[in-house]
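**Q** Next comes query.txt, compact mmCIF, C-alpha atoms and all ligand atoms:
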# COMPACT_ATOMS: atom_id res chain seq x y z
CA MET K 59 -51.15 44.83 17.33
CA ILE K 60 -52.13 48.28 18.60
CA ARG K 61 -49.36 50.17 20.36
CA THR K 62 -49.99 51.79 23.70
CA ILE K 63 -47.66 53.85 25.84
CA PRO K 64 -47.44 52.14 29.23
CA LEU K 65 -48.28 54.08 32.37
CA ILE K 66 -44.65 54.48 33.32
CA LEU K 67 -42.81 56.34 30.58
CA ASP K 68 -39.85 58.55 29.88
CA SER K 69 -39.72 62.11 31.14
CA ALA K 70 -41.05 63.57 27.88
CA SER K 71 -44.50 62.15 28.49
CA PRO K 72 -47.20 62.89 31.05
CA ALA K 73 -47.86 59.18 31.38
CA HIS K 74 -45.30 58.77 34.13
CA THR K 75 -48.11 59.34 36.59
CA SER K 76 -49.63 56.41 38.43
CA HIS K 77 -53.10 57.96 38.13
CA GLY K 78 -55.88 56.88 35.83
CA ALA K 79 -56.89 53.96 33.67
CA PRO K 80 -54.89 53.29 30.51
CA PHE K 81 -56.43 55.26 27.62
CA ASN K 82 -57.20 52.12 25.65
CA ASP K 83 -59.08 50.56 28.58
CA THR K 84 -61.19 53.70 28.89
CA ILE K 85 -62.12 53.84 25.21
CA ALA K 86 -62.83 50.09 25.21
CA ARG K 87 -65.39 50.67 27.97
CA HIS K 88 -67.07 53.07 25.56
CA GLY K 89 -67.23 50.58 22.70
CA VAL K 90 -63.98 51.43 20.86
CA SER K 91 -61.87 48.32 21.24
CA THR K 92 -59.23 49.60 18.82
CA LEU K 93 -58.76 53.19 17.73
CA THR K 94 -58.41 53.14 13.93
CA ALA K 95 -58.20 55.74 11.18
CA GLN K 96 -61.28 56.17 9.00
CA THR K 97 -59.62 57.95 6.08
CA ILE K 98 -56.79 60.37 5.30
CA SER K 99 -58.26 63.67 4.18
CA THR K 100 -55.51 65.87 5.66
CA ILE K 101 -51.76 65.59 5.57
CA GLN K 102 -50.20 67.68 8.32
CA VAL K 103 -46.64 68.57 7.48
CA ASN K 104 -44.24 69.80 10.15
CA ILE K 105 -41.69 71.51 7.95
CA GLY K 106 -39.25 72.37 10.70
CA LYS K 107 -38.65 73.28 14.30
CA LEU K 108 -37.07 76.64 13.59
CA CYS K 109 -39.15 79.47 15.06
CA ASN K 110 -38.66 83.15 15.87
CA GLN K 111 -40.47 82.64 19.21
CA ILE K 112 -39.93 80.45 22.28
CA CYS K 113 -43.39 80.02 23.81
CA HIS K 114 -43.83 78.46 27.26
CA HIS K 115 -46.48 75.97 26.15
CA CYS K 116 -44.81 74.87 22.87
CA HIS K 117 -45.21 71.11 22.42
CA VAL K 118 -42.71 71.16 19.53
CA ASP K 119 -39.94 72.72 21.65
CA ALA K 120 -39.39 75.09 18.73
CA GLY K 121 -37.14 78.13 18.78
CA PRO K 122 -34.51 80.20 16.97
CA GLN K 123 -31.71 77.72 17.69
CA ARG K 124 -33.42 74.67 16.19
CA THR K 125 -31.84 73.39 13.00
CA GLU K 126 -34.30 70.67 11.98
CA ILE K 127 -35.75 71.78 8.61
CA MET K 128 -37.61 69.68 6.03
CA SER K 129 -35.53 69.24 2.88
CA LEU K 130 -36.66 69.98 -0.67
CA GLU K 131 -36.41 66.27 -1.43
CA THR K 132 -38.89 65.40 1.34
CA LEU K 133 -41.25 68.20 0.28
CA ASP K 134 -41.15 66.86 -3.29
CA ALA K 135 -41.94 63.37 -1.98
CA ILE K 136 -45.04 64.81 -0.28
CA LEU K 137 -46.06 66.58 -3.50
CA ALA K 138 -45.76 63.27 -5.33
CA ILE K 139 -48.11 61.68 -2.77
CA LEU K 140 -50.61 64.51 -3.28
CA GLN K 141 -50.45 64.00 -7.02
CA LYS K 142 -51.11 60.30 -6.62
CA TYR K 143 -53.90 60.46 -4.02
CA PRO K 144 -56.60 63.09 -4.71
CA GLN K 145 -58.43 61.84 -1.61
CA ILE K 146 -56.01 63.94 0.48
CA SER K 147 -57.71 67.29 0.07
CA THR K 148 -55.97 69.44 2.69
CA VAL K 149 -52.33 70.23 3.40
CA ASP K 150 -51.89 71.60 6.92
CA ILE K 151 -48.44 73.18 7.24
CA THR K 152 -47.01 73.58 10.69
CA GLY K 153 -43.67 73.96 12.49
CA GLY K 154 -41.89 75.83 14.22
CA ALA K 155 -42.73 78.86 12.21
CA PRO K 156 -43.37 77.09 8.86
CA GLU K 157 -42.56 80.23 6.88
CA MET K 158 -38.94 80.05 8.10
CA ASN K 159 -38.29 76.95 6.01
CA PRO K 160 -36.60 78.36 2.85
CA HIS K 161 -38.77 76.10 0.66
CA PHE K 162 -42.10 77.17 2.25
CA GLU K 163 -43.24 79.35 -0.65
CA TYR K 164 -42.30 76.74 -3.26
CA PHE K 165 -44.23 74.06 -1.36
CA VAL K 166 -47.29 76.26 -0.90
CA LYS K 167 -47.41 77.19 -4.60
CA GLU K 168 -47.06 73.56 -5.68
CA CYS K 169 -49.81 72.40 -3.30
CA ARG K 170 -52.12 75.09 -4.63
CA SER K 171 -51.34 74.14 -8.22
CA LEU K 172 -52.50 70.65 -7.25
CA ASN K 173 -55.73 72.32 -6.15
CA ARG K 174 -55.38 71.50 -2.45
CA THR K 175 -56.68 73.55 0.44
CA VAL K 176 -53.57 74.81 2.23
CA ILE K 177 -53.49 75.84 5.89
CA ASP K 178 -50.59 77.87 7.25
CA ARG K 179 -50.27 77.60 11.05
CA CYS K 180 -48.82 81.05 11.46
CA ASN K 181 -47.50 82.69 14.63
CA LEU K 182 -48.14 86.18 13.11
CA THR K 183 -44.88 87.69 14.43
CA VAL K 184 -42.98 85.95 11.62
CA PHE K 185 -44.22 88.76 9.34
CA PHE K 186 -41.76 91.03 11.18
CA VAL K 187 -38.72 88.78 10.74
CA LYS K 188 -36.20 90.29 8.32
CA GLY K 189 -37.00 89.24 4.75
CA LYS K 190 -40.51 87.99 5.59
CA GLY K 191 -42.49 91.22 5.25
CA HIS K 192 -44.04 90.11 1.95
CA LEU K 193 -45.70 87.05 3.52
CA PRO K 194 -49.19 88.54 4.08
CA GLN K 195 -49.46 89.42 0.37
CA PHE K 196 -48.02 86.06 -0.66
CA LEU K 197 -50.51 84.14 1.49
CA ALA K 198 -53.42 86.23 0.20
CA LYS K 199 -52.36 85.83 -3.43
CA HIS K 200 -52.41 82.05 -3.12
CA ASN K 201 -55.59 81.96 -1.02
CA ILE K 202 -53.91 80.21 1.91
CA GLU K 203 -56.03 79.66 5.00
CA ILE K 204 -54.32 81.17 8.05
CA VAL K 205 -54.68 79.63 11.50
CA ALA K 206 -52.94 81.91 13.98
CA SER K 207 -52.24 81.60 17.69
CA LEU K 208 -53.57 84.31 19.95
CA PRO K 209 -54.14 82.89 23.45
CA CYS K 210 -55.91 86.02 24.71
CA TYR K 211 -57.17 89.44 23.61
CA LEU K 212 -55.24 90.98 26.53
CA GLU K 213 -51.59 91.96 26.15
CA ASP K 214 -50.26 90.69 29.50
CA ASN K 215 -51.64 87.18 29.02
CA VAL K 216 -50.26 86.82 25.49
CA ASP K 217 -46.83 88.19 26.38
CA GLU K 218 -46.64 85.95 29.45
CA GLN K 219 -47.13 82.82 27.33
CA ARG K 220 -45.47 83.83 24.06
CA GLY K 221 -42.86 86.44 24.94
CA LYS K 222 -42.57 90.20 25.44
CA GLY K 223 -43.87 92.27 22.54
CA VAL K 224 -45.66 89.35 20.88
CA PHE K 225 -49.12 90.81 21.51
CA ASP K 226 -48.40 94.15 19.82
CA ARG K 227 -46.84 92.48 16.79
CA SER K 228 -49.70 89.97 16.58
CA ILE K 229 -52.26 92.77 16.57
CA ALA K 230 -50.34 94.65 13.86
CA ALA K 231 -50.16 91.44 11.78
CA LEU K 232 -53.90 90.80 12.15
CA GLN K 233 -54.62 94.37 11.03
CA GLN K 234 -52.44 93.81 7.95
CA LEU K 235 -54.32 90.60 7.17
CA ASN K 236 -57.69 92.31 7.56
CA ALA K 237 -56.53 95.06 5.17
CA LEU K 238 -55.88 92.33 2.58
CA GLY K 239 -59.37 90.89 3.09
CA TYR K 240 -58.52 88.06 5.51
CA GLY K 241 -61.31 87.38 7.99
CA MET K 242 -63.60 90.00 6.45
CA GLU K 243 -67.25 89.40 5.69
CA GLY K 244 -67.79 88.34 2.08
CA SER K 245 -64.10 87.53 1.52
CA ALA K 246 -62.83 84.06 0.62
CA LEU K 247 -59.65 84.61 2.64
CA GLN K 248 -60.05 82.60 5.84
CA LEU K 249 -58.44 83.72 9.11
CA SER K 250 -58.94 81.69 12.26
CA LEU K 251 -57.43 82.23 15.69
CA VAL K 252 -56.31 79.65 18.22
CA TYR K 253 -56.83 79.92 21.96
CA ASN K 254 -55.09 77.66 24.43
CA PRO K 255 -55.28 78.09 28.21
CA ILE K 256 -52.42 79.84 29.95
CA GLY K 257 -52.45 77.58 33.03
CA PRO K 258 -53.32 73.95 33.86
CA ASN K 259 -56.99 74.26 32.89
CA LEU K 260 -59.31 73.11 30.14
CA PRO K 261 -60.42 75.69 27.58
CA PRO K 262 -63.84 77.30 28.10
CA SER K 263 -66.71 76.90 25.63
CA GLN K 264 -65.41 77.58 22.11
CA LYS K 265 -68.63 79.23 20.99
CA GLU K 266 -68.81 81.63 23.93
CA LEU K 267 -65.12 82.49 23.80
CA GLU K 268 -65.32 83.12 20.05
CA SER K 269 -68.07 85.61 20.64
CA ASP K 270 -65.99 87.38 23.38
CA TYR K 271 -62.92 87.45 21.13
CA LYS K 272 -64.88 88.89 18.22
CA LYS K 273 -66.39 91.60 20.40
CA GLU K 274 -63.14 92.54 22.18
CA LEU K 275 -60.78 92.42 19.20
CA PHE K 276 -63.14 94.48 17.08
CA SER K 277 -63.88 97.11 19.73
CA ARG K 278 -60.24 97.47 20.85
CA PHE K 279 -58.38 97.11 17.56
CA GLY K 280 -60.93 96.93 14.71
CA ILE K 281 -59.90 93.32 14.03
CA SER K 282 -62.19 90.72 12.39
CA PHE K 283 -61.65 86.99 11.96
CA ASN K 284 -63.66 83.92 10.93
CA HIS K 285 -63.38 81.33 13.70
CA LEU K 286 -61.79 80.77 17.08
CA TYR K 287 -60.43 77.29 17.81
CA THR K 288 -60.01 76.35 21.47
CA ILE K 289 -57.24 73.79 21.99
CA THR K 290 -56.31 71.88 25.13
CA ASN K 291 -52.62 72.09 26.06
CA MET K 292 -51.04 68.69 25.62
CA PRO K 293 -48.86 67.74 28.60
CA ILE K 294 -45.75 67.01 26.59
CA SER K 295 -42.47 68.83 25.94
CA ARG K 296 -42.26 72.45 27.16
CA PHE K 297 -45.76 72.57 28.67
CA LEU K 298 -44.96 69.40 30.59
CA ASP K 299 -41.79 71.05 31.93
CA ASP K 300 -43.89 74.03 33.02
CA LEU K 301 -46.41 71.78 34.77
CA ARG K 302 -43.61 69.96 36.50
CA SER K 303 -41.78 73.05 37.66
CA ASN K 304 -45.02 74.55 39.02
CA GLY K 305 -46.01 71.29 40.76
CA HIS K 306 -49.17 70.93 38.63
CA ILE K 307 -48.48 67.73 36.72
CA GLU K 308 -50.55 65.32 38.85
CA GLN K 309 -53.45 67.76 39.07
CA TYR K 310 -53.48 68.42 35.31
CA THR K 311 -53.23 64.75 34.38
CA GLU K 312 -56.12 63.94 36.71
CA LEU K 313 -58.15 66.78 35.21
CA LEU K 314 -57.69 65.40 31.68
CA ILE K 315 -58.53 61.84 32.71
CA ASN K 316 -61.52 62.80 34.84
CA SER K 317 -62.89 64.98 32.03
CA PHE K 318 -62.94 62.14 29.48
CA ASN K 319 -65.73 62.74 26.97
CA PRO K 320 -66.68 59.66 24.91
CA SER K 321 -68.46 61.75 22.29
CA SER K 322 -65.06 63.10 21.16
CA LEU K 323 -63.89 59.65 19.99
CA GLN K 324 -65.63 59.70 16.64
CA SER K 325 -63.96 62.92 15.48
CA LEU K 326 -60.44 62.63 16.90
CA MET K 327 -58.16 64.23 14.32
CA CYS K 328 -55.92 61.15 14.03
CA ARG K 329 -58.88 59.33 12.45
CA SER K 330 -58.68 61.46 9.31
CA LEU K 331 -55.15 62.91 9.34
CA ILE K 332 -51.58 61.77 8.93
CA SER K 333 -48.62 63.74 10.22
CA VAL K 334 -45.19 64.02 8.58
CA SER K 335 -42.14 65.11 10.57
CA TRP K 336 -39.36 67.35 9.24
CA ASP K 337 -37.31 64.24 8.36
CA GLY K 338 -40.14 62.51 6.47
CA LYS K 339 -41.35 60.07 9.13
CA LEU K 340 -45.08 59.38 9.44
CA TYR K 341 -47.10 59.66 12.64
CA ASP K 342 -50.75 59.53 13.62
CA CYS K 343 -50.63 63.14 14.82
CA ASP K 344 -48.27 65.96 15.74
CA PHE K 345 -48.31 64.92 19.42
CA ASN K 346 -47.26 61.35 18.66
CA GLN K 347 -44.56 62.88 16.49
CA MET K 348 -43.17 64.82 19.44
CA LEU K 349 -43.19 61.65 21.56
CA ASP K 350 -41.66 59.67 18.67
CA LEU K 351 -44.56 57.24 18.89
CA THR K 352 -44.31 55.92 15.36
CA ILE K 353 -47.03 54.70 13.08
CA THR K 354 -48.03 51.10 12.38
CA PRO K 355 -47.30 49.17 10.24
CA PRO K 356 -43.53 49.60 10.73
CA SER K 357 -42.79 48.96 7.05
CA HIS K 358 -44.62 52.18 6.11
CA GLN K 359 -43.21 54.67 8.55
CA THR K 360 -41.77 57.20 6.08
CA ILE K 361 -43.15 59.33 3.28
CA SER K 362 -41.12 57.32 0.76
CA THR K 363 -43.15 54.18 1.54
CA PHE K 364 -46.53 55.94 1.84
CA ASP K 365 -49.40 53.68 0.82
CA PHE K 366 -52.82 55.29 1.11
CA ASP K 367 -54.76 52.04 1.06
CA LEU K 368 -52.65 50.49 3.78
CA LEU K 369 -52.67 53.57 5.99
CA LYS K 370 -56.25 54.81 5.65
CA HIS K 371 -57.58 52.28 8.17
CA ARG K 372 -54.41 51.84 10.24
CA ARG K 373 -54.48 51.23 13.96
CA ILE K 374 -53.56 54.38 15.84
CA ALA K 375 -50.76 54.39 18.39
CA THR K 376 -52.21 55.77 21.63
CA GLY K 377 -51.02 56.69 25.10
CA GLN K 378 -52.08 58.57 28.21
CA HIS K 379 -51.44 61.87 26.38
CA CYS K 380 -54.51 61.03 24.23
CA TYR K 381 -56.65 62.08 27.20
CA GLY K 382 -55.66 65.61 26.14
CA CYS K 383 -57.79 65.16 23.00
CA THR K 384 -60.79 63.64 24.75
CA ALA K 385 -61.13 65.95 27.77
CA GLY K 386 -64.10 68.29 28.09
CA ALA K 387 -65.35 69.34 24.68
CA GLY K 388 -62.48 67.43 23.04
CA SER K 389 -59.56 69.05 21.25
CA SER K 390 -57.91 68.96 17.84
CA CYS K 391 -55.94 71.26 15.54
CA GLY K 392 -59.35 72.45 14.35
CA GLY K 393 -60.60 73.28 17.85
CA SER K 394 -63.14 71.57 20.08
CA LEU K 395 -64.75 68.34 18.88
CA SER K 396 -68.20 68.61 20.41
S1 LIG Y 1 -45.89 77.62 19.98
FE1 LIG Y 1 -45.64 78.14 17.81
S2 LIG Y 1 -44.83 80.22 17.82
FE2 LIG Y 1 -44.50 79.41 19.88
S3 LIG Y 1 -42.44 78.52 19.86
FE3 LIG Y 1 -43.87 76.86 19.35
S4 LIG Y 1 -43.96 76.83 17.11
FE4 LIG Y 1 -43.06 78.83 17.72
S1 LIG Y 2 -52.91 62.45 20.82
FE1 LIG Y 2 -54.98 62.79 20.07
S2 LIG Y 2 -54.79 62.88 17.86
FE2 LIG Y 2 -52.92 61.95 18.65
S3 LIG Y 2 -53.27 59.73 18.60
FE3 LIG Y 2 -53.89 60.44 20.62
S4 LIG Y 2 -56.10 60.86 20.42
FE4 LIG Y 2 -55.25 60.75 18.37
Would you write the structure of this file as structure tokens?
Ligand code: SF4
Ligand code: SF4

**A**
Amino acid sequence: MIRTIPLILDSASPAHTSHGAPFNDTIARHGVSTLTAQTISTIQVNIGKLCNQICHHCHVDAGPQRTEIMSLETLDAILAILQKYPQISTVDITGGAPEMNPHFEYFVKECRSLNRTVIDRCNLTVFFVKGKGHLPQFLAKHNIEIVASLPCYLEDNVDEQRGKGVFDRSIAALQQLNALGYGMEGSALQLSLVYNPIGPNLPPSQKELESDYKKELFSRFGISFNHLYTITNMPISRFLDDLRSNGHIEQYTELLINSFNPSSLQSLMCRSLISVSWDGKLYDCDFNQMLDLTITPPSHQTISTFDFDLLKHRRIATGQHCYGCTAGAGSSCGGSLS
């Protein structure tokens, strides 16, 4: 039976509010009686919570003190799955700062040798961590797609959300990537940026913001990139703490619920993706992973029992946090949904 987070939950979830219809009731009213996966074309791998930054909005609660790192054994188990199931065409590597896992480069090379598209969710400043200066060249050599966070083209806004000095280092990193061909016209090296709102608001139109970003980053710093993805902040973990301490939790939850957009349901990322945590457990998405809302069926909850045929049409575990994916234009790791 489909799992749903009840309206009253633990403190890690936004669903402790008494506002709003349960997510499953809302989607049922729009003809989706059970949210199910349609395929698994992407495996999103969270290879650790270690990060050189401590951002205010981080839903992973990552930082320099975190010790959770995916082992070589688990990475090899994922490679074996990729070998077995060619249907999984994309490996989306996230963290923490994924590059801080000591096996990152091994994993990337092996995924590429299996001919998979590889995405590195990069915070850009990791290029300036001791011993990581070669990363831009490494990523370019292996044709790794880079998806990098940059919540604004203005220094104050970025530093407020991501820490002092992050903006300057991010700009320097983007300039390095451009010099290698990333994000440049006619180049195969793909560079996309991620915007997420600084406060308790929905992102603006992705198309319009992308055009502003392109204009501003090029005129101020000579920077080019391919796409901008606008992502709604999920009210879990550190962003939830921020909402709570600023007294915005009820208002933000209501905003997400009242902005429900049924046209986002078809392309929710959980319908074509499976997420693996640093310790090899399987989840429907990175957000469910952070809430420890495990996958069904229970007998296939780790990478060692992965069964493509059983999981490709699984029922998805949902909760009130799912309103974060269906609000406004919809939201996913690949930006807005409509
Ligand atoms: S948002 Fe990204 S860069 Fe910031 S702390 Fe979290 S994982 Fe690190
Ligand atoms: S949080 Fe979003 S991606 Fe995850 S299960 Fe809910 S709707 Fe799907």

**Q** For Val149 (chain K), which residue out of K:Asp217, K:Asp134, K:Glu203, K:Glu163 is the nearest one, using all atoms listed in the file?

**A**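 Using all atoms listed in the file, the shortest distance to Val149 (chain K) belongs to K:Glu203.
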
**Q** Around ligand LIG 2 (chain Y), which protein and nucleic acid residues have at least one atom no more than 8 Å from it, if we count all atoms listed in the file? List them as a list of chain:residue names.

**A** K:Leu323, K:Leu326, K:Met327, K:Cys328, K:Arg329, K:Asp342, K:Cys343, K:Asp344, K:Phe345, K:Asn346, K:Ile374, K:Ala375, K:Thr376, K:Gly377, K:His379, K:Cys380, K:Tyr381, K:Gly382, K:Cys383, K:Thr384, K:Ser389, K:Ser390

**Q** Which residues come within 8 Å of Leu251 (chain K), counting all atoms listed in the file, excluding same-chain residues fewer than 3 positions away, as a list in words?

**A**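 Once the adjacent positions are removed, what remains is Val205, Ala206, Ser207, Leu208, Phe283, His285, Leu286 and Tyr287 of chain K.
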
**Q** Set the cut-off to 6 Å, count all atoms listed in the file, and list whatever residues fall near ligand LIG 1 (chain Y) as number ranges by chain.

**A** K: 109, 111-113, 116, 118, 120-121, 153-155, 181

**Q** Grab the CA of Gln359 (chain K) to CA of Gln145 (chain K) distance for me, in Å with one decimal place.

**A**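 CA of Gln145 (chain K) lies 19.7 Å from CA of Gln359 (chain K).
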
**Q** Find the distance between CA of Glu308 (chain K) and CA of Asp119 (chain K) and write it in Å to one decimal.

**A**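 Rounded to one decimal, the two atoms are 21.5 Å apart.
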
**Q** In Å, with one decimal, what is the gap from CA of Thr175 (chain K) to CA of His200 (chain K)?

**A**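 Interatomic distance here is 10.2 Å.
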
**Q** What lies within 9 Å of region 365-371 of chain K using only C-alpha atoms, ignoring chain neighbours under 4 positions off, as an MDAnalysis selection string?

**A** chainID K and resid 94:98 139 143 329:332 354:355 358 361

**Q** Compare K:Arg179, K:Lys265, K:His114, K:Lys339 by their minimum atom-to-atom distance to Ile353 (chain K), counting only C-alpha atoms, and give me the closest one.

**A**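 Of K:Arg179, K:Lys265, K:His114, K:Lys339, the one nearest Ile353 (chain K), counting only C-alpha atoms, is K:Lys339.
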
**Q** Neighbouring residues of region 311-318 of chain K were defined as those with any atom within 9 Å, considering all atoms listed in the file; residues of the same chain fewer than 3 positions away were excluded. Please report them as a ChimeraX atom specification.

**A** /K:72-73,75,77-79,81,84,258-260,293,306-308,322,378-379,381-388

**Q** Identify which of the residues K:Val216, K:Ile105, K:Cys210, K:Ala198 lies closest to Leu249 (chain K), counting only C-alpha atoms when measuring atom-to-atom distances.

**A**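 Checking each candidate against Leu249 (chain K), we get K:Ala198 as the closest.
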
**Q** Could you list as a PyMOL selection string every residue that has an atom within 7 Å of (-44.6, 88.7, 14.6), using the file's coordinates and counting all atoms listed in the file?

**A** chain K and resi 181-186+224+227-228+231

**Q** Assuming 6 Å of padding per side, give the centre and edge lengths of the axis-aligned box around every listed atom of region 285-302 of chain K, in Å to one decimal and as JSON.

**A**
{"center_x": -52.6, "center_y": 74.2, "center_z": 25.1, "size_x": 33.6, "size_y": 26.3, "size_z": 34.8}

**Q** Using only C-alpha atoms, can you tell me which of K:Pro194, K:Pro144, K:Pro160, K:Pro209 comes closest to His115 (chain K)?

**A**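 Checking each candidate against His115 (chain K), we get K:Pro209 as the closest.
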
**Q** Measuring between all atoms listed in the file, which one of K:Phe165, K:Phe196, K:Tyr253, K:Phe225 shows the shortest distance to Ser394 (chain K)?

**A**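 Of K:Phe165, K:Phe196, K:Tyr253, K:Phe225, the one nearest Ser394 (chain K), counting all atoms listed in the file, is K:Tyr253.
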